[in-house]
Amino acid sequence: MEKERFFSTILEIEINNQQQNRPVSVVPTMGKRFPYVISNGLNNYKSGNISAVFIEKDLNEQNWLIKQSWQYREKLNGFLFNGRTKLIKYEDGRMYLASLSSSQIQESNLGNKLVVNTAFDWTEIGDGDIGKDLYVNGFIDVIEGS
């Protein structure tokens with residue numbers, strides 16, 4: 001989701017390769033058996049891959065609009081590649097301020113040319129529970145207390 005727009009689904013959701021990241025460098029030493037491990041900065045963030053089937057429902061939320069699914073996916077792809085920060089929320093309560101971190105969106109047919117799985121990589125760039133991060137990324141207009 002963004003501030004004014006969102007896409008949601010309950011179909012074939014998979015959260016793949018989710019990992020905690022803290023970049024480090026391993027530096028070999030001369031004349032010693034063990035290397036140095038250097039971690040500069042405070043980087044500590046999550047990243048991963050989401051794949052799901054995105055199909056729009058009708059106005060009554062009763063029926064899936066399968067025949068128009070390609071049009072919905074085109075809108076989704078434009079949304080994903082617009083360069084803005086996304087708020088990714090899962091039904092179990094997890095939430096991430098994230099940017100797409102891949103240069104492509106993968107689509108794969110699930111046995112029906114109208115039912116397509118969409119997958120993309122993401123990287124956490126802020127905390128969805130912190131007002132300043134929400135403000136800086138355009139999700140709120142005012143930081144409480146300012």
# chains A, B, ... in the order shown; residues from 1 in each chain; ligands from 1
$ residues_around --residues "Asn40 of chain A" --least-positions-apart "3" --cutoff "12 Å" --atoms "only C-alpha atoms" --output "mmCIF file with N, CA and C atoms, in the first residue's frame"
data_model
loop_
_atom_site.group_PDB
_atom_site.id
_atom_site.type_symbol
_atom_site.label_atom_id
_atom_site.label_comp_id
_atom_site.auth_asym_id
_atom_site.auth_seq_id
_atom_site.Cartn_x
_atom_site.Cartn_y
_atom_site.Cartn_z
ATOM 1 N N ARG A 22 22.448 -7.740 8.208
ATOM 2 C CA ARG A 22 23.387 -6.843 8.892
ATOM 3 C C ARG A 22 24.717 -6.978 8.154
ATOM 4 N N PRO A 23 24.942 -6.118 7.164
ATOM 5 C CA PRO A 23 26.132 -6.259 6.328
ATOM 6 C C PRO A 23 27.436 -6.216 7.121
ATOM 7 N N VAL A 24 28.328 -7.125 6.781
ATOM 8 C CA VAL A 24 29.648 -7.192 7.400
ATOM 9 C C VAL A 24 30.696 -7.468 6.326
ATOM 10 N N SER A 25 31.923 -7.174 6.648
ATOM 11 C CA SER A 25 33.054 -7.509 5.788
ATOM 12 C C SER A 25 34.007 -8.393 6.574
ATOM 13 N N VAL A 26 34.468 -9.422 5.943
ATOM 14 C CA VAL A 26 35.474 -10.299 6.549
ATOM 15 C C VAL A 26 36.813 -9.948 5.915
ATOM 16 N N VAL A 37 36.251 -9.335 11.488
ATOM 17 C CA VAL A 37 34.904 -9.141 10.964
ATOM 18 C C VAL A 37 34.501 -7.722 11.326
ATOM 19 N N ASN A 43 23.203 -0.704 10.275
ATOM 20 C CA ASN A 43 22.291 -1.433 9.399
ATOM 21 C C ASN A 43 21.812 -2.718 10.049
ATOM 22 N N ASN A 44 20.497 -2.896 10.027
ATOM 23 C CA ASN A 44 19.862 -4.099 10.567
ATOM 24 C C ASN A 44 18.433 -4.074 10.031
#
$ select_by_dssp --residues "chain A" --states "alpha helix (DSSP H)" --output "compact mmCIF listing (two decimals) with N, CA and C atoms, in the first residue's frame"
# COMPACT_ATOMS: atom_id res chain seq x y z
N SER A 69 -8.17 -9.99 -15.26
CA SER A 69 -7.02 -10.08 -14.35
C SER A 69 -5.76 -9.45 -14.94
N TRP A 70 -5.55 -9.54 -16.23
CA TRP A 70 -4.35 -8.95 -16.82
C TRP A 70 -4.35 -7.43 -16.67
N GLN A 71 -5.53 -6.80 -16.75
CA GLN A 71 -5.61 -5.35 -16.58
C GLN A 71 -5.26 -4.95 -15.14
N TYR A 72 -5.75 -5.73 -14.19
CA TYR A 72 -5.45 -5.47 -12.78
C TYR A 72 -3.95 -5.63 -12.52
N ARG A 73 -3.35 -6.66 -13.11
CA ARG A 73 -1.90 -6.87 -12.94
C ARG A 73 -1.10 -5.74 -13.57
N GLU A 74 -1.56 -5.20 -14.69
CA GLU A 74 -0.87 -4.06 -15.31
C GLU A 74 -0.87 -2.86 -14.36
N LYS A 75 -2.00 -2.61 -13.70
CA LYS A 75 -2.09 -1.53 -12.72
C LYS A 75 -1.16 -1.82 -11.54
N LEU A 76 -1.15 -3.07 -11.07
CA LEU A 76 -0.28 -3.48 -9.97
C LEU A 76 1.18 -3.26 -10.33
N ASN A 77 1.59 -3.68 -11.51
CA ASN A 77 2.99 -3.53 -11.93
C ASN A 77 3.40 -2.06 -11.99
N GLY A 78 2.51 -1.21 -12.51
CA GLY A 78 2.80 0.23 -12.52
C GLY A 78 2.94 0.77 -11.11
N PHE A 79 2.09 0.32 -10.21
CA PHE A 79 2.14 0.71 -8.80
C PHE A 79 3.46 0.25 -8.16
N LEU A 80 3.85 -0.97 -8.41
CA LEU A 80 5.08 -1.50 -7.81
C LEU A 80 6.32 -0.79 -8.32
N GLY A 131 6.58 7.25 13.62
CA GLY A 131 5.97 8.38 12.93
C GLY A 131 6.92 9.09 11.97
N LYS A 132 8.17 9.31 12.38
CA LYS A 132 9.12 10.01 11.52
C LYS A 132 9.35 9.24 10.22
N ASP A 133 9.47 7.90 10.30
CA ASP A 133 9.66 7.09 9.09
C ASP A 133 8.44 7.16 8.19
N LEU A 134 7.25 7.15 8.78
CA LEU A 134 6.01 7.27 8.00
C LEU A 134 5.93 8.64 7.33
N TYR A 135 6.32 9.69 8.05
CA TYR A 135 6.31 11.04 7.51
C TYR A 135 7.30 11.20 6.35
N VAL A 136 8.54 10.79 6.57
CA VAL A 136 9.58 10.92 5.56
C VAL A 136 9.21 10.17 4.28
$ residues_around --residues "segment 111-116 of chain A" --least-positions-apart "6" --cutoff "8 Å" --atoms "only C-alpha atoms" --output "PyMOL selection string"
chain A and resi 53-55+66-67+69-70
$ atom_distance --atom1 "atom CA of Arg94 of chain A" --atom2 "atom CA of Gly128 of chain A"
9.7 Å
$ residues_around --residues "segment 98-103 of chain A" --least-positions-apart "5" --cutoff "7 Å" --atoms "only C-alpha atoms" --output "ChimeraX atom specification"
/A:85-88,120-126
$ atom_distance --atom1 "atom CA of Glu144 of chain A" --atom2 "atom CA of Asp129 of chain A"
12.5 Å
$ residues_around --residues "Tyr36 of chain A" --least-positions-apart "6" --cutoff "8 Å" --atoms "only C-alpha atoms" --output "list in words"
Val26, Val27, Pro28 and Thr29 of chain A
$ select_by_dssp --residues "chain A" --states "strand (DSSP E or B)" --output "PyMOL selection string"
chain A and resi 11-21+25-27+36-38+45-53+57+64+86-89+95-100+106-112+115-126
$ write_last_selection --atoms "C-alpha atoms" --output "compact mmCIF listing (two decimals), in the first residue's frame"
# COMPACT_ATOMS: atom_id res chain seq x y z
CA LEU A 11 -4.66 -15.88 -3.20
CA GLU A 12 -1.56 -18.11 -3.22
CA ILE A 13 0.48 -15.82 -0.96
CA GLU A 14 4.05 -16.95 -0.34
CA ILE A 15 6.68 -15.11 1.65
CA ASN A 16 10.02 -16.41 0.39
CA ASN A 17 13.61 -15.89 1.44
CA GLN A 18 12.74 -13.46 4.21
CA GLN A 19 15.94 -12.71 6.05
CA GLN A 20 17.47 -10.39 8.59
CA ASN A 21 20.41 -8.41 7.16
CA SER A 25 33.05 -7.51 5.79
CA VAL A 26 35.47 -10.30 6.55
CA VAL A 27 39.05 -9.08 6.27
CA TYR A 36 38.66 -9.54 11.36
CA VAL A 37 34.90 -9.14 10.96
CA ILE A 38 33.92 -5.52 10.49
CA TYR A 45 16.92 -4.68 8.25
CA LYS A 46 14.77 -7.36 6.64
CA SER A 47 14.38 -8.27 2.99
CA GLY A 48 12.59 -10.96 1.08
CA ASN A 49 10.39 -11.99 -1.82
CA ILE A 50 6.61 -11.97 -2.08
CA SER A 51 4.64 -13.97 -4.57
CA ALA A 52 0.87 -14.07 -4.89
CA VAL A 53 -2.00 -14.10 -7.34
CA LYS A 57 -13.06 -8.57 -6.95
CA TRP A 64 -13.26 -12.63 -8.74
CA LYS A 86 5.39 0.76 0.04
CA LEU A 87 3.92 -0.40 3.33
CA ILE A 88 3.75 -4.18 3.16
CA LYS A 89 1.29 -5.68 5.63
CA MET A 95 4.45 -4.75 8.57
CA TYR A 96 7.41 -3.29 6.66
CA LEU A 97 8.18 0.07 5.07
CA ALA A 98 9.91 -1.18 1.96
CA SER A 99 11.17 -0.48 -1.53
CA LEU A 100 11.27 -2.92 -4.39
CA GLN A 106 8.32 -12.10 -12.30
CA GLU A 107 5.04 -13.51 -13.55
CA SER A 108 4.29 -17.21 -13.94
CA ASN A 109 1.19 -18.93 -15.26
CA LEU A 110 -0.56 -21.28 -12.81
CA GLY A 111 -2.14 -23.55 -15.41
CA ASN A 112 -4.61 -20.88 -16.55
CA VAL A 115 -4.45 -16.83 -13.20
CA VAL A 116 -0.89 -15.56 -12.93
CA ASN A 117 1.47 -15.49 -9.97
CA THR A 118 3.29 -12.17 -9.47
CA ALA A 119 6.57 -12.11 -7.53
CA PHE A 120 8.96 -9.34 -6.49
CA ASP A 121 11.84 -8.68 -4.09
CA TRP A 122 11.66 -6.04 -1.37
CA THR A 123 14.00 -4.45 1.17
CA GLU A 124 12.96 -2.78 4.42
CA ILE A 125 13.89 0.93 4.46
CA GLY A 126 12.05 2.16 7.57
$ atom_distance --atom1 "atom CA of Asp127 of chain A" --atom2 "atom CA of Asp141 of chain A"
16.3 Å
